[in-house]
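For reference, the structure discussed in these notes is given below.
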Protein chains: 6
Amino acid sequence: MEVIMFFKLLETLDKKFGIEQAKAHCDVPCGIYDPIVAQINALTVVRMMDLMAALEGEGVAFDNSISRYIAVKEEHAEKAKHEIRVIFGDFIKDAHIAQYPELPGLFHKIMQLGSKVRQTADREAGLAFVEAVNAFAKIFWAIKGVGTKVAKAPYAPALEMIYPDL
Amino acid sequence: MEVIMFFKLLETLDKKFGIEQAKAHCDVPCGIYDPIVAQINALTVVRMMDLMAALEGEGVAFDNSISRYIAVKEEHAEKAKHEIRVIFGDFIKDAHIAQYPELPGLFHKIMQLGSKVRQTADREAGLAFVEAVNAFAKIFWAIKGVGTKVAKAPYAPALEMIYPDL
Amino acid sequence: MEVIMFFKLLETLDKKFGIEQAKAHCDVPCGIYDPIVAQINALTVVRMMDLMAALEGEGVAFDNSISRYIAVKEEHAEKAKHEIRVIFGDFIKDAHIAQYPELPGLFHKIMQLGSKVRQTADREAGLAFVEAVNAFAKIFWAIKGVGTKVAKAPYAPALEMIYPDL
Amino acid sequence: MEVIMFFKLLETLDKKFGIEQAKAHCDVPCGIYDPIVAQINALTVVRMMDLMAALEGEGVAFDNSISRYIAVKEEHAEKAKHEIRVIFGDFIKDAHIAQYPELPGLFHKIMQLGSKVRQTADREAGLAFVEAVNAFAKIFWAIKGVGTKVAKAPYAPALEMIYPDL
Amino acid sequence: MEVIMFFKLLETLDKKFGIEQAKAHCDVPCGIYDPIVAQINALTVVRMMDLMAALEGEGVAFDNSISRYIAVKEEHAEKAKHEIRVIFGDFIKDAHIAQYPELPGLFHKIMQLGSKVRQTADREAGLAFVEAVNAFAKIFWAIKGVGTKVAKAPYAPALEMIYPDL
Amino acid sequence: MEVIMFFKLLETLDKKFGIEQAKAHCDVPCGIYDPIVAQINALTVVRMMDLMAALEGEGVAFDNSISRYIAVKEEHAEKAKHEIRVIFGDFIKDAHIAQYPELPGLFHKIMQLGSKVRQTADREAGLAFVEAVNAFAKIFWAIKGVGTKVAKAPYAPALEMIYPDL
């Protein structure tokens with residue numbers, strides 16, 4: 001019941017805003033979308049958490065390093081969120097969402113996790129962030145008709161990542 | 001049927017990613033969210049379209065102005081999208097989406113319109129963009145428990161905007 | 001005496017730089033100016049000061065939060081200053097300054113307070129910053145011929161703000 | 001008469017905002033201020049105007065170059081304005097303004113010219129912009145107690161610039 | 001002869017600046033370096049050139065699109081250069097240069113090509129840019145001890161790219 | 001022997017990438033290059049190190065200041081690196097490198113020192129960074145045919161700097 005209402009609303013918005021369903025699959029003028037940038041940024045967040053946890057010492061040297069790790073964590077979490085937003089907003093059409101109805105929820109989850117990894121240095125949140133971004137990458141490549149494989153990233157923290165099978 | 005699957009998926013994601021429903025209403029540590037920034041940016045997009053349409057002349061002076069209007073349109077469309085993403089990603093919780101199920105679709109529409117107003121100088125798209133951002137603002141204030149009113153913006157193009165009734 | 005010299009100097013500069021008084025009231029090509037963006041940014045500065053003062057704990061979690069609050073405070077103080085500079089530099093003409101001779105002093109004060117709230121976590125300076133930006137907003141709306149009202153901001157720290165009475 | 005009112009207002013603001021006159025000469029914690037950055041940026045604005053005026057041809061190659069010159073002009077005009085704002089807001093104290101009462105007017109003029117050189121490709125405005133920034137530099141060095149000299153910039157458009165006499 | 005002088009100079013600089021050769025292989029504290037970001041950005045430059053060449057029409061719609069393509073081209077060429085600079089400056093040590101003496105020349109070439117693709121819409125320069133960035137990626141992965149393969153990019157212009165063989 | 005190989009490689013790259021030696025001296029379309037911006041940024045790095053070393057106290061006020069000094073140090077080190085990269089990549093041609101074969105090594109050293117001064121608060125590294133940037137400035141002005149002089153910077157830490165003798 002609610003599903004029907006939901007699509008009715010989308011339809012109404014479509015009519016009102018004049019974006020036809022016919023354009024849903026249209027890739028032009030599309031840029032070059034690649035979730036790997038978001039994936040690398042998410043991985044960097046975990047890397048920074050690891051460096052933060054391992055940091056020892058005190059005084060100005062400690063402050064200098066911890067400040068930088070936090071700032072790098074902030075920046076990369078934000079970049080990951082931005083990249084996913086661009087793909088979700090520009091590449092993903094209504095027809096893709098119809099095909100992968102988990103996409104809006106996954107997108108929202110990535111945004112929330114992207115904030116959580118900024119607010120904390122909690123490695124579990126970092127891993128969940130990487131996992132969610134990987135899940136998004138997997139759907140993205142499926143939409144593109146490109147197969148994927150799982151492989152360890154060739155740099156610490158060497159987590160398992162989704163890569164296109166080129 | 002699909003709705004149930006959709007919420008099951010969210011639940012599974014929640015369990016996996018360790019973000020409890022209990023935190024859904026939690027505003028802490030929240031920043032200061034205000035959709036007016038996105039609304040002003042969206043309005044600026046229409047303003048630039050109007051200036052582009054009205055521009056006359058030729059040569060370097062024309063090139064200089066048209067280039068600037070396009071660049072300002074780009075920048076403000078992007079800022080509007082960014083602001084809405086921050087509110088949607090950081091302020092809006094799963095419980096809000098349960099209450100306003102149109103939110104993910106509206107968010108996605110704003111992202112799409114935000115790209116359309118960059119790709120074109122189509123005033124209708126500009127108006128739809130402002131309208132969608134206003135619709136988002138209305139839901140935002142409702143969630144905050146703040147009433148809203150409609151008033152004309154005190155600057156060209158003086159479109160009707162949603163304002164909190166303070 | 002000094003006032004006369006001051007306006008003579010402005011006049012000389014005007015003649016030299018070829019910007020006629022006749023253009024003083026000219027709003028074209030003006031963008032969309034709205035001090036609310038600066039006001040929200042100034043308010044965020046106080047919010048961050050409050051979060052900083054309330055923060056407890058120690059270790060990496062503490063470092064992570066305090067670093068982020070300081071960085072957000074920096075960023076928003078700078079944005080507030082930038083927004084006020086744009087309005088002061090682009091919207092405010094010599095004729096407005098003749099009408100509101102306190103404007104240059106107020107502008108300078110906002111810049112100074114904007115630096116002070118970056119250099120310290122002193123809430124009094126934060127409040128003064130918000131107050132000065134509000135004072136600027138009041139004059140801005142008066143120049144636009146739009147009445148203003150005072151209302152509490154609908155988010156913490158809920159300070160009294162100047163809003164246009166639309 | 002008005003001058004007295006003006007300083008009364010500043011005094012009142014001072015008392016209200018708790019910034020003592022005693023701090024007026026205080027340079028700590030000052031960063032490193034140097035107007036040369038603004039001067040180079042202003043000079044670049046004129047350089048871009050010259051390149052725009054000299055550009056020939058048509059089609060995509062022309063569009064590519066003219067677009068870039070305009071964008072570089074925009075960016076450098078904005079940087080010049082930003083640098084001057086930082087010096088005016090952070091380095092210049094009330095006591096300096098008392099000593100050089102033309103400073104607020106000169107600052108405002110630089111902001112206005114900085115906008116004019118963005119809005120047009122008018123070389124006269126560009127020259128006035130450079131001249132005003134140079135005038136600011138001269139006062140800045142006088143405040144610092146460093147003598148200045150006039151020399152041609154060692155790059156096109158090789159305008160006469162104010163340099164500290166080190 | 002000159003080679004000997006060159007390394008003598010490097011040695012002298014090393015002694016003077018206190019960076020021991022012993023640190024040359026040191027990866028800590030390294031971030032996560034991956035040339036794929038630069039490669040995607042370089043590819044985007046060619047994509048924009050293709051869109052520019054294919055663009056038809058006239059008037060505001062044409063101006064809007066051509067302006068955006070040029071701006072995107074600018075931005076991505078700059079990002080590619082920045083990414084390569086970070087890897088070259090932070091990851092590549094003197095010992096790597098001793099092993100791959102073509103690295104400084106290749107780096108310089110990438111910077112020059114990165115400027116050429118901004119100054120023109122010449123597709124040959126775009127292809128050379130992609131090729132040079134790919135050559136850099138190949139050396140990077142060899143230093144990391146990771147094998148590489150050649151595959152077509154999964155998006156237009158679908159040029160052959162160097163990928164790590166994970 | 002290696003030198004010959006090195007230039008052969010450059011030649012091969014040149015042929016492959018279609019950039020003729022004939023263009024090596026070409027300054028058009030050159031912007032306005034001036035190493036003083038990098039020099040001021042490098043000096044600011046040392047200034048921040050001095051402020052960090054001198055900072056006393058504890059608690060939020062200490063955190064606020066130390067965080068800001070570190071962030072300013074980061075930003076200015078990055079700006080210095082960026083400015084030098086622009087000059088090295090856009091202004092310096094192959095013929096200049098043939099004339100000053102130490103340039104690539106010096107550039108690489110500046111990048112490494114620029115990272116070291118971010119990673120640490122080590123004043124020796126800061127001084128080496130300023131010195132290396134000054135060395136680059138000296139070669140730059142020699143290429144331009146402009147004589148240089150050594151003078152103390154007119155602001156703390158008042159290090160000896162290379163200035164063009166205008």
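Following the order of the structure tokens, first chain is A, next is B, and so on, with residues numbered from 1 inside each chain and ligands from 1 in the order they appear.
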
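Here chain E has been superposed onto chain B using all C-alpha atoms in order, and the two differ by 0.1 Å RMSD.
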
**Q.** All residues 10 Å or closer to Ile139 (chain E), only C-alpha atoms, same chain fewer than 6 positions away omitted, as a count of residues only
**A.** 7

Q) Please, which residues of chain F lie no more than 12 Å from chain D when the count uses only C-alpha atoms, and can they be set out as JSON, numbers by chain? A) {"F": [27, 28, 29, 30, 31, 32, 33, 34, 35, 36, 37, 38, 39, 40, 41, 42, 43, 44, 45, 46, 47, 48, 49, 50, 51, 52, 54, 55, 65, 68, 69, 72, 73, 76, 140, 141, 144, 145, 146, 147, 148, 149, 150, 151, 152, 153, 154, 155, 156, 157, 158, 160, 161, 162, 163, 164, 165, 166]}

How would the residues just picked look written out with C-alpha atoms as a compact mmCIF listing (two decimals), in the first residue's frame?
```txt
# COMPACT_ATOMS: atom_id res chain seq x y z
CA ASP F 27 56.46 31.92 -22.23
CA VAL F 28 53.13 32.43 -23.93
CA PRO F 29 50.48 32.13 -22.59
CA CYS F 30 52.25 32.55 -19.28
CA GLY F 31 50.64 33.87 -16.16
CA ILE F 32 52.50 35.88 -13.58
CA TYR F 33 54.92 33.72 -11.65
CA ASP F 34 56.50 34.98 -8.44
CA PRO F 35 58.15 32.71 -5.88
CA ILE F 36 57.55 35.29 -3.13
CA VAL F 37 54.17 33.69 -2.44
CA ALA F 38 55.82 30.33 -1.75
CA GLN F 39 58.53 32.03 0.28
CA ILE F 40 56.00 33.82 2.52
CA ASN F 41 54.12 30.56 2.99
CA ALA F 42 57.31 28.71 3.92
CA LEU F 43 58.21 31.44 6.38
CA THR F 44 54.76 31.14 7.95
CA VAL F 45 55.47 27.47 8.61
CA VAL F 46 58.46 28.43 10.76
CA ARG F 47 56.42 31.13 12.46
CA MET F 48 53.79 28.58 13.43
CA MET F 49 56.47 26.23 14.76
CA ASP F 50 57.75 29.08 16.93
CA LEU F 51 54.26 29.84 18.21
CA MET F 52 53.72 26.14 18.94
CA ALA F 54 56.16 29.05 22.86
CA LEU F 55 52.57 28.14 23.70
CA SER F 65 45.56 27.63 19.89
CA ARG F 68 44.95 26.46 14.91
CA TYR F 69 48.74 26.70 14.67
CA VAL F 72 47.80 27.04 9.66
CA LYS F 73 51.13 25.23 9.37
CA HIS F 76 50.80 27.15 4.39
CA PHE F 140 63.88 31.43 -10.91
CA TRP F 141 65.04 35.05 -10.93
CA LYS F 144 64.20 35.65 -15.69
CA GLY F 145 67.40 37.68 -15.88
CA VAL F 146 66.58 39.59 -12.70
CA GLY F 147 69.25 40.05 -10.07
CA THR F 148 68.58 39.12 -6.46
CA LYS F 149 69.60 40.31 -3.03
CA VAL F 150 69.41 38.85 0.44
CA ALA F 151 67.42 40.68 3.10
CA LYS F 152 65.69 39.85 6.35
CA ALA F 153 61.95 39.35 6.07
CA PRO F 154 60.13 42.35 7.60
CA TYR F 155 58.18 40.12 10.02
CA ALA F 156 58.96 37.37 12.50
CA PRO F 157 60.80 35.04 12.27
CA ALA F 158 62.75 37.57 10.14
CA GLU F 160 67.05 35.93 5.45
CA MET F 161 65.17 35.74 2.19
CA ILE F 162 65.95 36.05 -1.51
CA TYR F 163 64.31 39.11 -3.08
CA PRO F 164 64.47 40.31 -6.67
CA ASP F 165 66.57 43.45 -6.96
CA LEU F 166 64.03 45.72 -8.64
```

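In this model, the gap between CA of Glu124 (chain D) and CA of Glu58 (chain B) comes to 19.9 Å.
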
Q.
For the strand (DSSP E) assignment from backbone DSSP, which residues of chain B qualify? Please present them as a ChimeraX atom specification.
A. /B:148-152,160-164

With N, CA and C atoms retained, could you export that selection as a PDB file, in the first residue's frame?
```pdb
ATOM      1  N   THR B 148       5.533  26.916   9.573  1.00  0.00           N
ATOM      2  CA  THR B 148       6.093  27.649   8.433  1.00  0.00           C
ATOM      3  C   THR B 148       5.044  28.557   7.807  1.00  0.00           C
ATOM      4  N   LYS B 149       5.533  29.490   7.033  1.00  0.00           N
ATOM      5  CA  LYS B 149       4.657  30.387   6.285  1.00  0.00           C
ATOM      6  C   LYS B 149       5.234  30.539   4.883  1.00  0.00           C
ATOM      7  N   VAL B 150       4.426  31.044   3.993  1.00  0.00           N
ATOM      8  CA  VAL B 150       4.888  31.297   2.631  1.00  0.00           C
ATOM      9  C   VAL B 150       5.020  32.806   2.457  1.00  0.00           C
ATOM     10  N   ALA B 151       6.149  33.244   1.924  1.00  0.00           N
ATOM     11  CA  ALA B 151       6.331  34.678   1.656  1.00  0.00           C
ATOM     12  C   ALA B 151       7.244  34.835   0.449  1.00  0.00           C
ATOM     13  N   LYS B 152       7.111  35.957  -0.217  1.00  0.00           N
ATOM     14  CA  LYS B 152       7.986  36.223  -1.356  1.00  0.00           C
ATOM     15  C   LYS B 152       9.383  36.564  -0.856  1.00  0.00           C
ATOM     16  N   GLU B 160       8.019  32.709  -4.287  1.00  0.00           N
ATOM     17  CA  GLU B 160       7.442  32.360  -2.987  1.00  0.00           C
ATOM     18  C   GLU B 160       8.307  31.292  -2.328  1.00  0.00           C
ATOM     19  N   MET B 161       8.626  31.548  -1.075  1.00  0.00           N
ATOM     20  CA  MET B 161       9.528  30.669  -0.339  1.00  0.00           C
ATOM     21  C   MET B 161       8.868  30.209   0.959  1.00  0.00           C
ATOM     22  N   ILE B 162       9.372  29.089   1.475  1.00  0.00           N
ATOM     23  CA  ILE B 162       8.948  28.606   2.785  1.00  0.00           C
ATOM     24  C   ILE B 162       9.868  29.213   3.841  1.00  0.00           C
ATOM     25  N   TYR B 163       9.273  29.884   4.837  1.00  0.00           N
ATOM     26  CA  TYR B 163      10.064  30.415   5.946  1.00  0.00           C
ATOM     27  C   TYR B 163       9.535  29.858   7.260  1.00  0.00           C
ATOM     28  N   PRO B 164      10.409  29.643   8.234  1.00  0.00           N
ATOM     29  CA  PRO B 164       9.915  29.241   9.553  1.00  0.00           C
ATOM     30  C   PRO B 164       9.152  30.411  10.153  1.00  0.00           C
TER      31      PRO B 164
END
```

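One distance worth recording is that between CA of Lys93 (chain B) and CA of Ala121 (chain A), which is 21.1 Å.
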
Q: Name all residues at most 10 Å from His82 (chain B) (count only C-alpha atoms; drop same-chain ones fewer than 4 positions away) and give them as JSON, numbers by chain.
A: {"A": [82, 85, 86], "B": [38, 76, 77, 78, 86, 87, 88, 111, 114]}

Could you save the residues just selected, with N, CA, C and O atoms, as an mmCIF file, in the first residue's frame?
```
data_model
loop_
_atom_site.group_PDB
_atom_site.id
_atom_site.type_symbol
_atom_site.label_atom_id
_atom_site.label_comp_id
_atom_site.auth_asym_id
_atom_site.auth_seq_id
_atom_site.Cartn_x
_atom_site.Cartn_y
_atom_site.Cartn_z
ATOM 1 N N HIS A 82 30.843 12.868 -0.590
ATOM 2 C CA HIS A 82 30.596 13.707 -1.769
ATOM 3 C C HIS A 82 30.582 12.871 -3.051
ATOM 4 O O HIS A 82 29.709 13.028 -3.906
ATOM 5 N N ARG A 85 27.463 10.862 -3.255
ATOM 6 C CA ARG A 85 26.342 11.744 -3.557
ATOM 7 C C ARG A 85 26.297 12.080 -5.044
ATOM 8 O O ARG A 85 25.222 12.114 -5.657
ATOM 9 N N VAL A 86 27.454 12.336 -5.634
ATOM 10 C CA VAL A 86 27.490 12.680 -7.055
ATOM 11 C C VAL A 86 26.986 11.500 -7.895
ATOM 12 O O VAL A 86 26.157 11.674 -8.796
ATOM 13 N N ALA B 38 20.252 26.556 1.547
ATOM 14 C CA ALA B 38 19.969 25.869 0.278
ATOM 15 C C ALA B 38 18.923 26.627 -0.527
ATOM 16 O O ALA B 38 19.022 26.731 -1.761
ATOM 17 N N HIS B 76 26.239 27.847 -7.160
ATOM 18 C CA HIS B 76 25.116 27.895 -6.232
ATOM 19 C C HIS B 76 24.242 26.646 -6.328
ATOM 20 O O HIS B 76 23.687 26.210 -5.318
ATOM 21 N N ALA B 77 24.136 26.075 -7.505
ATOM 22 C CA ALA B 77 23.405 24.801 -7.614
ATOM 23 C C ALA B 77 24.125 23.746 -6.777
ATOM 24 O O ALA B 77 23.496 22.981 -6.039
ATOM 25 N N GLU B 78 25.446 23.716 -6.891
ATOM 26 C CA GLU B 78 26.230 22.749 -6.125
ATOM 27 C C GLU B 78 26.095 22.989 -4.623
ATOM 28 O O GLU B 78 25.945 22.052 -3.841
ATOM 29 N N VAL B 86 23.760 17.525 3.412
ATOM 30 C CA VAL B 86 24.177 17.553 4.813
ATOM 31 C C VAL B 86 22.973 17.369 5.729
ATOM 32 O O VAL B 86 23.016 16.571 6.672
ATOM 33 N N ILE B 87 21.900 18.081 5.450
ATOM 34 C CA ILE B 87 20.710 17.937 6.295
ATOM 35 C C ILE B 87 20.142 16.523 6.161
ATOM 36 O O ILE B 87 19.813 15.878 7.154
ATOM 37 N N PHE B 88 20.049 16.033 4.936
ATOM 38 C CA PHE B 88 19.478 14.702 4.709
ATOM 39 C C PHE B 88 20.360 13.621 5.343
ATOM 40 O O PHE B 88 19.870 12.661 5.938
ATOM 41 N N MET B 111 18.568 16.301 -6.066
ATOM 42 C CA MET B 111 19.895 16.069 -6.657
ATOM 43 C C MET B 111 19.809 16.117 -8.186
ATOM 44 O O MET B 111 20.653 16.696 -8.855
ATOM 45 N N GLY B 114 19.111 19.588 -9.337
ATOM 46 C CA GLY B 114 20.330 20.362 -9.125
ATOM 47 C C GLY B 114 21.330 20.152 -10.250
ATOM 48 O O GLY B 114 22.108 21.046 -10.587
#
```

Q: Mind listing the alpha helix (DSSP H) residues of chain B, per DSSP on the backbone, as a ChimeraX atom specification?
A: /B:2-17,36-54,59-86,94-99,103-119,123-144

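Atom to atom, CA of Gln112 (chain F) and CA of Gly59 (chain A) stand 24.0 Å apart.
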